[in-house]
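*Asks:* Pasting structure_25.cif here (mmCIF, C-alpha atoms):
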```cif
data_entry
loop_
_atom_site.group_PDB
_atom_site.id
_atom_site.type_symbol
_atom_site.label_atom_id
_atom_site.label_comp_id
_atom_site.auth_asym_id
_atom_site.auth_seq_id
_atom_site.Cartn_x
_atom_site.Cartn_y
_atom_site.Cartn_z
ATOM 1 C CA MET A 1 -11.597 86.289 3.151
ATOM 2 C CA GLY A 2 -14.226 84.258 5.055
ATOM 3 C CA ILE A 3 -13.615 80.505 5.159
ATOM 4 C CA GLU A 4 -11.243 80.546 2.194
ATOM 5 C CA LYS A 5 -7.595 81.339 2.819
ATOM 6 C CA LYS A 6 -4.830 81.250 0.238
ATOM 7 C CA ASN A 7 -1.513 79.556 0.919
ATOM 8 C CA LYS A 8 0.885 81.637 -1.192
ATOM 9 C CA ASN A 9 3.750 79.158 -0.975
ATOM 10 C CA LEU A 10 1.819 76.096 -2.187
ATOM 11 C CA GLY A 11 -0.660 77.801 -4.507
ATOM 12 C CA LEU A 12 -3.468 76.093 -2.602
ATOM 13 C CA HIS A 13 -6.795 77.342 -1.331
ATOM 14 C CA SER A 14 -8.152 76.109 1.974
ATOM 15 C CA LEU A 15 -11.681 75.204 3.032
ATOM 16 C CA PRO A 16 -12.368 73.629 6.403
ATOM 17 C CA GLY A 17 -10.459 70.368 6.341
ATOM 18 C CA ILE A 18 -9.461 70.513 2.661
ATOM 19 C CA SER A 19 -6.746 71.973 0.432
ATOM 20 C CA TYR A 20 -6.825 72.078 -3.355
ATOM 21 C CA LYS A 21 -4.954 73.690 -6.227
ATOM 22 C CA GLN A 22 -6.063 77.073 -7.485
ATOM 23 C CA PRO A 23 -8.137 76.751 -10.697
ATOM 24 C CA ASN A 24 -6.547 78.253 -13.807
ATOM 25 C CA VAL A 25 -8.757 79.388 -16.689
ATOM 26 C CA LEU A 26 -5.747 79.485 -19.048
ATOM 27 C CA ALA A 27 -4.544 75.935 -18.463
ATOM 28 C CA GLY A 28 -6.058 72.499 -18.971
ATOM 29 C CA ARG A 29 -6.233 69.596 -21.386
ATOM 30 C CA THR A 30 -6.008 70.575 -25.028
ATOM 31 C CA ASP A 31 -6.281 67.083 -26.565
ATOM 32 C CA VAL A 32 -9.990 66.583 -25.818
ATOM 33 C CA VAL A 33 -13.168 68.656 -25.722
ATOM 34 C CA TYR A 34 -14.635 68.804 -22.237
ATOM 35 C CA VAL A 35 -17.810 70.782 -22.767
ATOM 36 C CA THR A 36 -20.707 70.072 -25.154
ATOM 37 C CA PRO A 37 -22.341 72.654 -27.441
ATOM 38 C CA TRP A 38 -25.142 72.906 -24.843
ATOM 39 C CA LEU A 39 -22.523 73.613 -22.123
ATOM 40 C CA ALA A 40 -22.701 70.270 -20.339
ATOM 41 C CA PRO A 41 -19.312 69.160 -18.987
ATOM 42 C CA ILE A 42 -17.602 66.062 -20.392
ATOM 43 C CA ILE A 43 -15.622 64.422 -17.603
ATOM 44 C CA TRP A 44 -12.070 63.377 -18.460
ATOM 45 C CA GLU A 45 -9.044 62.755 -16.269
ATOM 46 C CA GLY A 46 -7.450 66.114 -15.548
ATOM 47 C CA THR A 47 -10.661 68.147 -15.771
ATOM 48 C CA PHE A 48 -11.693 68.000 -12.101
ATOM 49 C CA ASP A 49 -10.224 67.967 -8.612
ATOM 50 C CA PRO A 50 -11.356 64.728 -6.933
ATOM 51 C CA THR A 51 -10.695 65.951 -3.412
ATOM 52 C CA LEU A 52 -12.698 69.129 -3.913
ATOM 53 C CA ILE A 53 -15.631 67.518 -5.720
ATOM 54 C CA ASP A 54 -15.961 64.788 -3.078
ATOM 55 C CA PHE A 55 -15.818 67.399 -0.309
ATOM 56 C CA ILE A 56 -18.649 69.380 -1.896
ATOM 57 C CA TYR A 57 -20.958 66.389 -2.295
ATOM 58 C CA LYS A 58 -20.201 64.870 1.110
ATOM 59 C CA GLN A 59 -21.631 68.014 2.708
ATOM 60 C CA GLN A 60 -24.947 67.112 1.053
ATOM 61 C CA ASN A 61 -25.232 63.736 2.830
ATOM 62 C CA ILE A 62 -26.290 61.939 -0.360
ATOM 63 C CA THR A 63 -27.124 58.317 -1.148
ATOM 64 C CA ILE A 64 -26.534 56.698 -4.545
ATOM 65 C CA ALA A 65 -28.548 53.708 -5.772
ATOM 66 C CA THR A 66 -26.807 51.417 -8.245
ATOM 67 C CA THR A 67 -28.566 48.733 -10.262
ATOM 68 C CA VAL A 68 -27.077 45.648 -11.889
ATOM 69 C CA PHE A 69 -28.721 42.679 -13.607
ATOM 70 C CA ALA A 70 -27.138 39.225 -13.394
ATOM 71 C CA LEU A 71 -29.230 36.550 -15.105
ATOM 72 C CA GLY A 72 -28.156 33.119 -16.237
ATOM 73 C CA LYS A 73 -24.416 32.760 -16.682
ATOM 74 C CA TYR A 74 -23.886 36.465 -16.019
ATOM 75 C CA THR A 75 -23.799 35.715 -12.282
ATOM 76 C CA ARG A 76 -20.162 34.737 -12.815
ATOM 77 C CA PHE A 77 -19.286 38.420 -13.199
ATOM 78 C CA LEU A 78 -20.721 39.500 -9.855
ATOM 79 C CA LYS A 79 -17.667 38.839 -7.710
ATOM 80 C CA ASP A 80 -15.305 40.994 -9.776
ATOM 81 C CA PHE A 81 -17.937 43.684 -10.182
ATOM 82 C CA LEU A 82 -18.671 43.995 -6.471
ATOM 83 C CA GLU A 83 -15.104 43.584 -5.238
ATOM 84 C CA SER A 84 -13.764 46.183 -7.650
ATOM 85 C CA ALA A 85 -16.686 48.524 -6.896
ATOM 86 C CA GLU A 86 -15.832 48.366 -3.227
ATOM 87 C CA GLN A 87 -12.313 49.481 -4.097
ATOM 88 C CA TYR A 88 -13.144 52.348 -6.472
ATOM 89 C CA TYR A 89 -16.876 53.186 -6.644
ATOM 90 C CA PHE A 90 -18.125 56.108 -4.553
ATOM 91 C CA VAL A 91 -15.698 55.318 -1.746
ATOM 92 C CA GLY A 92 -16.845 57.060 1.422
ATOM 93 C CA PHE A 93 -20.391 57.679 0.124
ATOM 94 C CA ARG A 94 -23.593 55.781 0.904
ATOM 95 C CA VAL A 95 -24.354 53.325 -1.898
ATOM 96 C CA HIS A 96 -27.314 50.949 -2.155
ATOM 97 C CA TYR A 97 -26.697 48.208 -4.716
ATOM 98 C CA TYR A 98 -29.882 46.770 -6.222
ATOM 99 C CA LEU A 99 -29.048 43.400 -7.757
ATOM 100 C CA PHE A 100 -31.643 41.746 -9.997
ATOM 101 C CA THR A 101 -30.996 38.064 -10.617
ATOM 102 C CA ASP A 102 -32.767 34.797 -11.351
ATOM 103 C CA GLN A 103 -30.283 32.979 -9.079
ATOM 104 C CA PRO A 104 -30.069 34.629 -5.653
ATOM 105 C CA GLU A 105 -28.177 31.610 -4.369
ATOM 106 C CA ALA A 106 -25.333 32.398 -6.782
ATOM 107 C CA VAL A 107 -24.672 35.868 -5.349
ATOM 108 C CA PRO A 108 -21.141 35.819 -3.884
ATOM 109 C CA ASP A 109 -20.415 36.844 -0.328
ATOM 110 C CA VAL A 110 -18.435 40.045 -0.824
ATOM 111 C CA LYS A 111 -17.427 42.198 2.131
ATOM 112 C CA LEU A 112 -18.934 45.670 1.736
ATOM 113 C CA SER A 113 -17.866 48.883 3.413
ATOM 114 C CA ASN A 114 -20.019 50.274 6.207
ATOM 115 C CA GLU A 115 -21.557 52.835 3.820
ATOM 116 C CA HIS A 116 -22.537 50.279 1.158
ATOM 117 C CA GLN A 117 -25.524 47.911 1.181
ATOM 118 C CA LEU A 118 -26.610 45.115 -1.179
ATOM 119 C CA MET A 119 -30.258 44.346 -1.889
ATOM 120 C CA VAL A 120 -30.966 41.211 -3.957
ATOM 121 C CA ARG A 121 -34.233 40.947 -5.907
ATOM 122 C CA LYS A 122 -35.278 37.821 -7.757
ATOM 123 C CA VAL A 123 -36.552 38.191 -11.322
ATOM 124 C CA PRO A 124 -37.673 35.552 -13.844
ATOM 125 C CA SER A 125 -35.196 33.897 -16.195
ATOM 126 C CA MET A 126 -35.358 34.838 -19.868
ATOM 127 C CA ASP A 127 -34.492 32.851 -22.979
ATOM 128 C CA ARG A 128 -33.124 35.677 -25.146
ATOM 129 C CA TRP A 129 -30.379 38.102 -24.143
ATOM 130 C CA GLN A 130 -32.225 40.751 -26.170
ATOM 131 C CA ASP A 131 -35.265 40.294 -23.900
ATOM 132 C CA ILE A 132 -33.056 40.628 -20.826
ATOM 133 C CA SER A 133 -31.590 43.794 -22.266
ATOM 134 C CA MET A 134 -34.926 45.344 -23.168
ATOM 135 C CA GLY A 135 -36.795 44.123 -20.086
ATOM 136 C CA ARG A 136 -34.405 46.081 -17.915
ATOM 137 C CA MET A 137 -36.229 49.334 -18.706
ATOM 138 C CA LYS A 138 -39.551 48.030 -17.374
ATOM 139 C CA ILE A 139 -37.948 46.957 -14.100
ATOM 140 C CA LEU A 140 -35.996 50.201 -13.742
ATOM 141 C CA GLU A 141 -39.102 52.275 -14.475
ATOM 142 C CA LYS A 142 -40.967 50.532 -11.661
ATOM 143 C CA LEU A 143 -38.009 50.811 -9.302
ATOM 144 C CA THR A 144 -37.501 54.536 -9.831
ATOM 145 C CA LYS A 145 -41.221 55.304 -9.743
ATOM 146 C CA SER A 146 -42.105 53.839 -6.372
ATOM 147 C CA GLU A 147 -39.698 51.271 -4.941
ATOM 148 C CA LEU A 148 -36.565 53.180 -3.973
ATOM 149 C CA ASP A 149 -35.999 54.442 -0.453
ATOM 150 C CA ASN A 150 -36.921 58.088 -0.003
ATOM 151 C CA ASP A 151 -33.357 59.027 0.869
ATOM 152 C CA ILE A 152 -31.951 58.022 -2.537
ATOM 153 C CA ASP A 153 -30.633 61.101 -4.359
ATOM 154 C CA TYR A 154 -28.977 59.657 -7.476
ATOM 155 C CA ILE A 155 -29.040 56.369 -9.346
ATOM 156 C CA PHE A 156 -26.667 54.675 -11.782
ATOM 157 C CA CYS A 157 -27.629 51.700 -13.949
ATOM 158 C CA LEU A 158 -24.580 49.586 -14.803
ATOM 159 C CA ASP A 159 -23.824 46.374 -16.680
ATOM 160 C CA VAL A 160 -22.540 43.521 -14.525
ATOM 161 C CA ASP A 161 -19.993 42.058 -16.978
ATOM 162 C CA THR A 162 -17.651 44.861 -16.007
ATOM 163 C CA LYS A 163 -14.893 45.735 -13.598
ATOM 164 C CA PHE A 164 -13.680 48.945 -11.981
ATOM 165 C CA TYR A 165 -10.021 49.851 -12.462
ATOM 166 C CA GLY A 166 -10.009 53.406 -11.133
ATOM 167 C CA ARG A 167 -11.950 56.034 -9.273
ATOM 168 C CA TRP A 168 -15.654 56.566 -10.039
ATOM 169 C CA GLY A 169 -16.773 59.298 -7.681
ATOM 170 C CA ALA A 170 -18.822 62.439 -7.169
ATOM 171 C CA GLU A 171 -17.549 63.994 -10.405
ATOM 172 C CA THR A 172 -20.084 61.741 -12.165
ATOM 173 C CA LEU A 173 -23.148 63.079 -10.354
ATOM 174 C CA GLY A 174 -25.712 65.305 -12.031
ATOM 175 C CA ARG A 175 -29.302 65.646 -13.173
ATOM 176 C CA LEU A 176 -29.013 63.345 -16.229
ATOM 177 C CA ILE A 177 -25.821 61.459 -17.053
ATOM 178 C CA GLY A 178 -24.850 59.867 -20.366
ATOM 179 C CA VAL A 179 -21.665 57.893 -21.003
ATOM 180 C CA ILE A 180 -19.944 58.164 -24.388
ATOM 181 C CA HIS A 181 -19.549 54.753 -26.026
ATOM 182 C CA PRO A 182 -15.886 53.655 -26.303
ATOM 183 C CA TRP A 183 -16.304 52.434 -29.892
ATOM 184 C CA PHE A 184 -17.636 55.658 -31.337
ATOM 185 C CA TYR A 185 -16.215 58.596 -29.408
ATOM 186 C CA ASP A 186 -14.050 59.660 -32.348
ATOM 187 C CA TYR A 187 -16.468 58.697 -35.179
ATOM 188 C CA PRO A 188 -18.582 61.041 -37.304
ATOM 189 C CA ARG A 189 -22.287 60.726 -36.559
ATOM 190 C CA ASP A 190 -23.176 59.224 -39.926
ATOM 191 C CA GLN A 191 -21.187 56.165 -38.787
ATOM 192 C CA PHE A 192 -22.995 55.792 -35.462
ATOM 193 C CA THR A 193 -25.054 52.608 -35.193
ATOM 194 C CA TYR A 194 -28.284 54.460 -34.444
ATOM 195 C CA GLU A 195 -31.567 52.858 -35.424
ATOM 196 C CA ARG A 196 -32.038 54.018 -39.044
ATOM 197 C CA ARG A 197 -35.441 52.503 -39.851
ATOM 198 C CA PRO A 198 -38.099 55.256 -39.810
ATOM 199 C CA GLU A 199 -40.765 52.814 -38.660
ATOM 200 C CA SER A 200 -38.985 52.350 -35.295
ATOM 201 C CA GLN A 201 -39.545 54.724 -32.386
ATOM 202 C CA ALA A 202 -35.749 54.738 -31.922
ATOM 203 C CA PHE A 203 -35.183 56.156 -35.436
ATOM 204 C CA ILE A 204 -32.554 58.876 -35.766
ATOM 205 C CA PRO A 205 -31.917 60.389 -39.238
ATOM 206 C CA VAL A 206 -28.383 60.163 -40.566
ATOM 207 C CA GLU A 207 -27.950 63.942 -40.421
ATOM 208 C CA GLU A 208 -28.824 64.101 -36.709
ATOM 209 C CA GLY A 209 -27.021 63.073 -33.542
ATOM 210 C CA ASP A 210 -24.598 64.446 -30.973
ATOM 211 C CA TYR A 211 -22.697 61.523 -29.475
ATOM 212 C CA TYR A 212 -23.235 57.773 -29.396
ATOM 213 C CA TYR A 213 -24.069 56.757 -25.842
ATOM 214 C CA THR A 214 -23.738 53.357 -24.219
ATOM 215 C CA ALA A 215 -26.661 51.770 -22.391
ATOM 216 C CA ALA A 216 -24.206 49.863 -20.199
ATOM 217 C CA ALA A 217 -23.949 52.889 -17.893
ATOM 218 C CA PHE A 218 -26.268 55.833 -17.396
ATOM 219 C CA GLY A 219 -27.693 57.699 -14.443
ATOM 220 C CA GLY A 220 -28.856 60.893 -12.809
ATOM 221 C CA THR A 221 -31.435 61.901 -10.259
ATOM 222 C CA VAL A 222 -34.149 59.367 -9.516
ATOM 223 C CA GLN A 223 -36.808 61.497 -11.224
ATOM 224 C CA GLU A 224 -34.754 61.955 -14.407
ATOM 225 C CA VAL A 225 -33.880 58.262 -14.667
ATOM 226 C CA TYR A 226 -37.540 57.440 -14.142
ATOM 227 C CA LYS A 227 -38.483 59.662 -17.084
ATOM 228 C CA LEU A 228 -35.763 58.086 -19.256
ATOM 229 C CA THR A 229 -36.717 54.487 -18.459
ATOM 230 C CA LYS A 230 -40.458 55.186 -18.770
ATOM 231 C CA THR A 231 -40.015 56.774 -22.196
ATOM 232 C CA CYS A 232 -37.740 53.993 -23.444
ATOM 233 C CA ARG A 233 -40.129 51.310 -22.176
ATOM 234 C CA GLU A 234 -43.058 53.029 -23.887
ATOM 235 C CA GLN A 235 -41.156 53.346 -27.163
ATOM 236 C CA GLN A 236 -40.088 49.706 -26.982
ATOM 237 C CA SER A 237 -43.717 48.674 -26.458
ATOM 238 C CA ILE A 238 -44.851 50.629 -29.509
ATOM 239 C CA ASP A 239 -42.139 48.947 -31.576
ATOM 240 C CA ALA A 240 -43.006 45.513 -30.215
ATOM 241 C CA ALA A 241 -46.645 45.964 -31.211
ATOM 242 C CA LYS A 242 -45.384 46.389 -34.783
ATOM 243 C CA SER A 243 -42.955 43.431 -34.473
ATOM 244 C CA ILE A 244 -39.970 45.802 -34.531
ATOM 245 C CA GLU A 245 -36.878 45.399 -32.396
ATOM 246 C CA ALA A 246 -34.406 48.290 -32.519
ATOM 247 C CA ILE A 247 -30.964 47.386 -33.808
ATOM 248 C CA TRP A 248 -29.317 47.624 -30.364
ATOM 249 C CA GLN A 249 -32.432 47.128 -28.228
ATOM 250 C CA GLU A 250 -32.599 49.564 -25.300
ATOM 251 C CA GLU A 251 -29.343 51.264 -26.298
ATOM 252 C CA SER A 252 -30.997 52.518 -29.480
ATOM 253 C CA HIS A 253 -33.843 53.975 -27.436
ATOM 254 C CA VAL A 254 -31.439 55.537 -24.928
ATOM 255 C CA ASN A 255 -29.665 57.307 -27.778
ATOM 256 C CA LYS A 256 -32.971 58.607 -29.125
ATOM 257 C CA TYR A 257 -33.909 59.867 -25.659
ATOM 258 C CA PHE A 258 -30.580 61.641 -25.120
ATOM 259 C CA LEU A 259 -30.792 63.305 -28.531
ATOM 260 C CA TYR A 260 -33.969 65.143 -27.544
ATOM 261 C CA ASN A 261 -33.370 65.275 -23.784
ATOM 262 C CA LYS A 262 -29.767 66.430 -23.542
ATOM 263 C CA PRO A 263 -27.728 65.016 -20.652
ATOM 264 C CA SER A 264 -26.609 67.597 -18.113
ATOM 265 C CA LYS A 265 -23.224 65.883 -17.854
ATOM 266 C CA LEU A 266 -21.370 63.400 -20.057
ATOM 267 C CA LEU A 267 -18.786 60.882 -18.923
ATOM 268 C CA SER A 268 -15.897 60.194 -21.270
ATOM 269 C CA PRO A 269 -15.014 56.640 -22.388
ATOM 270 C CA GLU A 270 -12.819 56.404 -19.276
ATOM 271 C CA TYR A 271 -16.078 55.466 -17.548
ATOM 272 C CA LEU A 272 -16.919 52.580 -19.876
ATOM 273 C CA TRP A 273 -14.052 51.033 -21.794
ATOM 274 C CA ARG A 274 -13.601 47.490 -23.101
ATOM 275 C CA ASP A 275 -10.800 45.225 -21.909
ATOM 276 C CA ILE A 276 -10.281 44.031 -25.480
ATOM 277 C CA ASN A 277 -9.728 47.606 -26.752
ATOM 278 C CA ALA A 278 -6.253 49.071 -26.947
ATOM 279 C CA ARG A 279 -5.755 52.191 -24.864
ATOM 280 C CA THR A 280 -5.647 55.428 -26.847
ATOM 281 C CA GLU A 281 -3.755 58.669 -26.285
ATOM 282 C CA HIS A 282 -6.988 60.401 -25.229
ATOM 283 C CA VAL A 283 -8.014 57.861 -22.602
ATOM 284 C CA LYS A 284 -5.396 58.435 -19.941
ATOM 285 C CA MET A 285 -7.187 56.388 -17.286
ATOM 286 C CA ILE A 286 -9.539 53.420 -17.570
ATOM 287 C CA ARG A 287 -11.961 53.589 -14.666
ATOM 288 C CA PHE A 288 -14.648 51.070 -15.636
ATOM 289 C CA SER A 289 -14.531 48.497 -18.402
ATOM 290 C CA HIS A 290 -16.387 45.599 -19.966
ATOM 291 C CA VAL A 291 -14.407 42.435 -19.295
ATOM 292 C CA ALA A 292 -13.403 40.086 -22.083
ATOM 293 C CA LYS A 293 -15.895 37.256 -22.553
ATOM 294 C CA ASN A 294 -17.234 34.783 -25.077
ATOM 295 C CA ASN A 295 -20.688 36.145 -25.930
ATOM 296 C CA ALA A 296 -21.741 32.885 -27.554
ATOM 297 C CA GLU A 297 -20.991 31.060 -24.301
ATOM 298 C CA VAL A 298 -22.670 33.400 -21.805
ATOM 299 C CA ARG A 299 -25.664 34.645 -23.795
ATOM 300 C CA PRO A 300 -28.609 32.229 -23.813
ATOM 301 C CA ASN A 301 -29.587 32.362 -27.509
ATOM 302 C CA LEU A 302 -26.268 32.684 -29.320
#
```
Show me, as structure tokens, the structure contained in the file I just sent.
*Replies:*
Amino acid sequence: MGIEKKNKNLGLHSLPGISYKQPNVLAGRTDVVYVTPWLAPIIWEGTFDPTLIDFIYKQQNITIATTVFALGKYTRFLKDFLESAEQYYFVGFRVHYYLFTDQPEAVPDVKLSNEHQLMVRKVPSMDRWQDISMGRMKILEKLTKSELDNDIDYIFCLDVDTKFYGRWGAETLGRLIGVIHPWFYDYPRDQFTYERRPESQAFIPVEEGDYYYTAAAFGGTVQEVYKLTKTCREQQSIDAAKSIEAIWQEESHVNKYFLYNKPSKLLSPEYLWRDINARTEHVKMIRFSHVAKNNAEVRPNL
């Protein structure tokens, strides 16, 4: 039997230092779909064994980069973001936070675990929240092309006006990761807020589309995220030259990219909820969520 040994009394299998329940191909959640038509998994609570998946990835000695942008009044969200991340985000794994801000002096002093590091990079202030949103792709393209440490294996790009409420771990890792938007996960695609103007590079016809993805959280390997951010930045530049701004800025371009470059894994709305949304029967755990805020108060041009 090699390194695997079955415990008949507990129904567990054993690997060195780990026990986990035997998988069952005839049992599982029946209220949600957890595989796409192109056979990419959709991660929901109850579809993975956290102990087993962490064990597998810890053998690979990986490091995860995580980017956040906190400009202007958005620095107020940093404390909750970092403190909750330290409680739930890749616990026991090496994480390098890359924080981009126009106010380094406003970064709170949050105690990090031994495996986690925080790098603060100053960026210019911007007058429009749309410019902040769209300018992110240019910075992320440069970061993933040449500025990350060589030992970085995966990267996630997350919004800062958020808070972790539950585990976000190795189950989220993969080549290219998209997160299903909490507003639209149960909508037909003709109701998605894709960019519908044909003159925009983000245009998606009404009869096309798989899922509506958020731009508040996405990730994958460094090379795949580089290709995503480079393409989105290029498409934004083409639009800008024609005085076009996609309806939801970089999120519109992310959705166009994912339509023609299918994610290898999707995260359910558990991984990006909204505090103002009521919980639904399908979302059994809220892991990461946008916090309630007054957009007109925190965004510079509203």
*Asks:* Could you give me the axis-aligned bounding box of range 205-215 of chain A, with 5 Å of padding per side, as centre plus edge lengths in Å to one decimal, as JSON?
*Replies:*
```
{"center_x": -27.3, "center_y": 58.1, "center_z": -31.5, "size_x": 19.2, "size_y": 22.7, "size_z": 28.2}
```
*Asks:* Taking the file as shown, find all residues satisfying the PyMOL selection byres ((chain A and resi 199) around 10) and write them as an NGL selection string.
*Replies:* :A and (195-198 or 200-203 or 239 or 242 or 244 or 246)
*Asks:* Need to verify the contact set: Val123 in chain A, 10 Å, only C-alpha atoms, exclusion of same-chain residues closer than 6 positions in sequence. Can you return it as an MDAnalysis selection string?
*Replies:* chainID A and resid 69:71 99:104 139
*Asks:* Quick one: pull the distance between CA of Val95 in chain A and CA of Ser146 in chain A, Å, one decimal.
*Replies:*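 CA of Ser146 in chain A lies 18.3 Å from CA of Val95 in chain A.
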*Asks:* Sorted by chain and rising residue number, which residues of range 44-132 of chain A lie within 12 Å of range 266-276 of chain A, and what are their closest atom pairs and distances in Å to one decimal, counting only C-alpha atoms, as a tab-separated table?
*Replies:*
```
residue	atom	partner	partner_atom	distance
A:Trp44	CA	A:Ser268	CA	5.7
A:Glu45	CA	A:Glu270	CA	8.0
A:Gly46	CA	A:Glu270	CA	11.7
A:Thr47	CA	A:Ser268	CA	11.0
A:Tyr88	CA	A:Tyr271	CA	11.9
A:Tyr89	CA	A:Tyr271	CA	11.2
```
*Asks:* Point out the residue among A:Glu207, A:Asp161, A:Asp109, A:Glu86 with the least atom-to-atom distance to Tyr194 in chain A, counting only C-alpha atoms.
*Replies:*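 Comparing A:Glu207, A:Asp161, A:Asp109, A:Glu86 against Tyr194 in chain A, the winner is A:Glu207.
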*Asks:* Expressed in Å to a single decimal, how great is the separation between CA of Tyr185 in chain A and CA of Val32 in chain A?
*Replies:* 10.7 Å
